[in-house]
Each structure stands twice: as C-alpha cells, then as structure tokens.
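Structure file protein.txt (compact mmCIF, C-alpha atoms) follows.
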# COMPACT_ATOMS: atom_id res chain seq x y z
CA MET A 289 -69.91 70.22 7.86
CA ASP A 290 -68.41 70.96 4.53
CA ARG A 291 -65.07 71.03 6.12
CA PHE A 292 -65.71 67.62 7.74
CA ALA A 293 -67.00 66.30 4.46
CA ALA A 294 -63.86 67.61 2.75
CA GLU A 295 -61.62 66.07 5.43
CA LYS A 296 -63.60 62.85 5.17
CA GLU A 297 -63.09 62.84 1.41
CA VAL A 298 -59.35 63.54 1.85
CA ALA A 299 -59.17 60.74 4.43
CA ARG A 300 -60.93 58.38 1.99
CA VAL A 301 -58.53 59.30 -0.78
CA GLN A 302 -55.56 58.78 1.58
CA LEU A 303 -57.08 55.51 2.80
CA SER A 304 -57.59 54.41 -0.78
CA SER A 305 -54.00 55.39 -1.58
CA VAL A 306 -52.66 53.52 1.45
CA GLU A 307 -54.78 50.49 0.56
CA SER A 308 -53.41 50.47 -2.98
CA GLN A 309 -49.86 50.83 -1.58
CA ILE A 310 -50.56 47.93 0.81
CA ARG A 311 -51.86 45.82 -2.10
CA GLY A 312 -48.77 46.71 -4.12
CA MET A 313 -46.54 45.77 -1.19
CA LYS A 314 -48.42 42.51 -0.70
CA GLU A 315 -47.98 41.68 -4.38
CA LYS A 316 -44.25 42.54 -4.18
CA SER A 317 -43.96 40.54 -0.98
CA SER A 318 -45.75 37.61 -2.60
CA ALA A 319 -43.49 37.85 -5.67
CA GLN A 320 -40.39 38.01 -3.44
CA ALA A 321 -41.63 35.04 -1.40
CA LYS A 322 -42.14 33.14 -4.65
CA LYS A 323 -38.60 34.05 -5.80
CA ILE A 324 -37.22 33.01 -2.41
CA GLU A 325 -38.95 29.64 -2.68
CA GLU A 326 -37.59 29.17 -6.20
CA LEU A 327 -34.09 30.07 -5.01
CA LYS A 328 -34.44 27.67 -2.07
CA ALA A 329 -35.51 24.91 -4.46
CA ARG A 330 -32.56 25.59 -6.80
CA LEU A 331 -30.20 25.78 -3.84
CA ALA A 332 -31.52 22.47 -2.47
CA SER A 333 -31.08 20.90 -5.92
CA LYS A 334 -27.52 22.20 -6.21
CA LEU A 335 -26.75 21.07 -2.67
CA ALA A 336 -28.04 17.57 -3.42
CA LYS A 337 -25.94 17.46 -6.60
CA ALA A 338 -22.87 18.70 -4.70
CA LYS A 339 -23.40 16.02 -2.03
CA SER A 340 -23.79 13.38 -4.73
CA ASP A 341 -20.62 14.55 -6.45
CA ALA A 342 -18.77 14.58 -3.12
CA GLU A 343 -19.92 11.03 -2.37
CA LYS A 344 -18.80 9.87 -5.83
CA ALA A 345 -15.43 11.57 -5.40
CA ASN A 346 -15.08 10.02 -1.95
CA ALA A 347 -15.90 6.56 -3.32
CA GLU A 348 -13.35 7.00 -6.12
CA ALA A 349 -10.73 8.20 -3.64
CA GLU A 350 -11.39 5.20 -1.40
CA ALA A 351 -11.04 2.87 -4.38
CA ILE A 352 -7.74 4.48 -5.35
CA VAL A 353 -6.51 4.26 -1.75
CA ALA A 354 -7.48 0.58 -1.66
CA VAL A 355 -5.51 -0.06 -4.84
CA TYR A 356 -2.47 1.80 -3.50
CA ARG A 357 -2.76 -0.03 -0.19
CA ALA A 358 -2.88 -3.38 -2.00
CA ASP A 359 0.10 -2.37 -4.14
CA ALA A 360 2.02 -1.29 -1.03
CA GLU A 361 1.27 -4.58 0.71
CA ALA A 362 2.34 -6.52 -2.37
CA ALA A 363 5.55 -4.47 -2.52
CA GLN A 364 6.23 -5.24 1.15
CA VAL A 365 5.69 -8.95 0.56
CA GLN A 366 7.99 -8.81 -2.45
CA ALA A 367 10.60 -6.90 -0.44
CA ARG A 368 10.44 -9.54 2.31
CA LYS A 369 10.89 -12.29 -0.28
CA VAL A 370 13.88 -10.49 -1.80
CA ALA A 371 15.38 -9.96 1.65
CA GLU A 372 14.89 -13.63 2.51
CA THR A 373 16.42 -14.67 -0.81
CA ALA A 374 19.38 -12.37 -0.24
CA GLN A 375 19.85 -13.71 3.26
CA THR A 376 19.70 -17.30 2.02
CA GLN A 377 22.13 -16.53 -0.77
CA ALA A 378 24.49 -14.83 1.69
CA HIS A 379 24.34 -17.92 3.90
CA TRP A 380 25.28 -20.20 1.01
CA ILE A 381 28.04 -17.87 -0.13
CA ALA A 382 29.48 -18.07 3.39
CA GLU A 383 29.13 -21.86 3.26
CA LEU A 384 30.91 -21.87 -0.10
CA ALA A 385 33.77 -19.87 1.36
CA LYS A 386 34.04 -22.30 4.30
CA CYS A 387 33.99 -25.28 1.96
CA GLN A 388 36.68 -23.74 -0.26
CA SER A 389 38.81 -22.97 2.77
CA ARG A 390 38.36 -26.50 4.16
CA ARG A 391 39.25 -28.05 0.78
CA GLU A 392 42.34 -25.87 0.45
CA ILE A 393 43.48 -26.85 3.95
CA LEU A 394 42.89 -30.53 3.19
CA GLU A 395 44.84 -30.19 -0.06
CA GLU A 396 47.73 -28.55 1.84
CA ILE A 397 47.73 -31.37 4.36
CA HIS A 398 47.58 -33.88 1.50
CA ALA A 399 50.51 -32.13 -0.17
CA ARG A 400 52.53 -32.70 3.02
CA GLY A 401 52.16 -36.44 2.61
CA PHE A 402 48.93 -37.35 4.40
CA ASP A 403 46.38 -39.39 2.46
CA LEU A 404 43.20 -37.28 2.58
CA THR A 405 41.90 -38.12 -0.87
CA ASP A 406 38.42 -39.12 0.32
CA GLU A 407 38.09 -36.01 2.48
CA ILE A 408 39.23 -33.80 -0.41
CA ILE A 409 36.67 -35.42 -2.74
CA LYS A 410 33.93 -34.85 -0.16
CA ALA A 411 35.10 -31.27 0.36
CA ARG A 412 34.96 -30.65 -3.40
CA GLU A 413 31.45 -32.12 -3.53
CA HIS A 414 30.35 -29.87 -0.66
CA GLU A 415 32.00 -26.93 -2.32
CA ALA A 416 30.15 -27.66 -5.57
CA ASP A 417 26.86 -28.03 -3.69
CA ALA A 418 27.43 -24.79 -1.81
CA GLY A 419 28.44 -23.04 -5.03
CA THR A 420 25.25 -24.24 -6.71
CA LEU A 421 23.12 -23.12 -3.78
CA ALA A 422 24.92 -19.78 -3.53
CA SER A 423 24.22 -18.95 -7.17
CA SER A 424 20.83 -20.60 -7.64
CA ASP A 425 17.45 -18.83 -7.89
CA ASP A 426 14.48 -19.25 -5.52
CA ASP A 427 12.93 -21.96 -7.72
CA ASP A 428 16.08 -24.08 -7.53
CA ASP A 429 16.34 -23.56 -3.76
CA ASP A 430 12.88 -25.00 -3.21
CA ASP A 431 13.65 -28.16 -5.24
CA ASP A 432 17.27 -28.92 -4.30
CA GLY A 433 17.96 -26.74 -1.30
CA SER A 434 16.36 -28.85 1.39
CA LYS A 435 18.16 -32.05 0.32
CA SER A 436 21.55 -30.53 -0.42
CA GLY A 437 21.42 -28.26 2.59
CA SER A 438 20.66 -31.10 5.01
CA GLU A 439 23.22 -33.37 3.36
CA ASN A 440 25.68 -30.51 3.46
CA GLY A 441 25.23 -29.96 7.16
CA GLU A 442 25.54 -33.66 7.98
CA ASP A 443 28.58 -34.24 5.77
CA LEU A 444 30.34 -31.09 6.98
CA ASP A 445 30.21 -32.38 10.53
CA GLY A 446 31.72 -35.65 9.30
CA GLU A 447 34.47 -33.80 7.44
CA GLU A 448 35.39 -31.78 10.47
CA ALA A 449 35.94 -34.98 12.38
CA ALA A 450 37.95 -36.64 9.57
CA PRO A 451 41.04 -34.37 9.72
CA GLU A 452 41.21 -34.80 13.48
CA LYS A 453 41.34 -38.61 13.11
CA ASN A 454 44.43 -38.41 10.87

Show how you would write the structure in this file as structure tokens.
Amino acid sequence: MDRFAAEKEVARVQLSSVESQIRGMKEKSSAQAKKIEELKARLASKLAKAKSDAEKANAEAEAIVAVYRADAEAAQVQARKVAETAQTQAHWIAELAKCQSRREILEEIHARGFDLTDEIIKAREHEADAGTLASSDDDDDDDDGSKSGSENGEDLDGEEAAPEKN
C-alpha cells in the first residue's frame, strides 16, 4: 500500500507538473496568439496604406498621361496646320513661278513687235498677287487669299486665251 501511495504521490506530482507546463504553454500560446493578432492588424494597416499610396500614384500617373496625351494631340494639330500652310505656300510659289514665266513670255512677244501691253499689265498684277500670297502668313491668307486666289484663277484663264487671240 505504501508503494501504491508513493506511486500515487509521484503521479500527483507529475500530474501537477504537467498541469503547470500545460498552463505555461497555454499562456505562451495566448501571448503568441495576441502577438499574431497585433501583427495581422499592423499588416492590414500597412496594406491599406500601400493600397492608398498605389491608388494615389495611379491617379497621378493617369493625370500626367492625360496631360501628355493632350500635348501630343495639340502637337499633331499644330503639325497639320504647319503642313497645310507649307502646302499652301508651295502652291502659291508655284503660281508665282508660272506668272513670272507667263509675263516673261508676254514681254518677249511684245519685244518682237506685238502689242500685249494689257496682257503684260495683267500678268504683272497676277505675279504680284501670287508673290504676296506665296510670302504671306496664315492670317493674311484668311483675309486676302480667298479673293485674290479666285480672281487669280479666273484672270489666269483669261490671260491664257489672250495670247492665242493675237
């Protein structure tokens, strides 16, 4: 019996020791769970801040892209305007060259004894108009260009017919 009593006492001591170890482990486990929850909360906070920062950066990037896109579109419009202006100016330079050539031919014919004074005067006027249009800016083209250009085209047809009559 004494031996059983001694074994019982040893078992109680071991049980008490195991119970205290279990309590210690529960406390550690509880402390670790608490730390894990704190870390999760901090991580969630940092994740929310990172998402917010990413959204702000994305919004800023979109704004910058919009500005660059608008600038690019404006540059394309400006390039088209410059190209149109250059094309118009090239047209009037070609017209000027034709007018100069026509005037020179009329002057040569006049020098040979034919009376082409009126045609030469008209040719000089057309040449002056074409010279003005060839060297003028866009603003001048809008004001004068439609009148002079239409008059030019009509009078040039008349001039072409005039030398054939003589």

| message | Report, in Å with one decimal, the straight-line distance from atom CA of Thr373 of chain A to atom CA of Lys386 of chain A. | response | 19.9 Å

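In this structure, atom CA of Glu413 of chain A sits 15.8 Å away from atom CA of Ala382 of chain A.
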
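Compared by their closest atoms to Arg412 of chain A, and using only C-alpha atoms, the residues A:Leu394, A:Ala371, A:Met313, A:Val306 rank with A:Leu394 nearest.
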
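Atom CA of Leu421 of chain A is positioned 14.0 Å from atom CA of Gln388 of chain A.
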
| Looking at A:Glu415, A:Ala351, A:Ser305, A:Arg291, which one is nearest to Glu392 of chain A, with distances taken over only C-alpha atoms? | A:Glu415

| request: Would you mind telling me which residue in A:Glu383, A:Glu395, A:Glu372, A:Asp290 lies nearest to Ile408 of chain A when using all atoms listed in the file? | output: A:Glu395

Provide an axis-aligned box for all listed atoms of segment 398-410 of chain A, padding each side by 8 Å; report its centre and its edge lengths in Å to one decimal, as JSON.
{"center_x": 43.2, "center_y": -35.8, "center_z": 0.8, "size_x": 34.6, "size_y": 23.3, "size_z": 23.1}

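Comparing the minimum interatomic distances between Glu407 of chain A and each of A:Val365, A:Cys387, A:Ala422, A:Val353, counting all atoms listed in the file, we find that A:Cys387 sits nearest.
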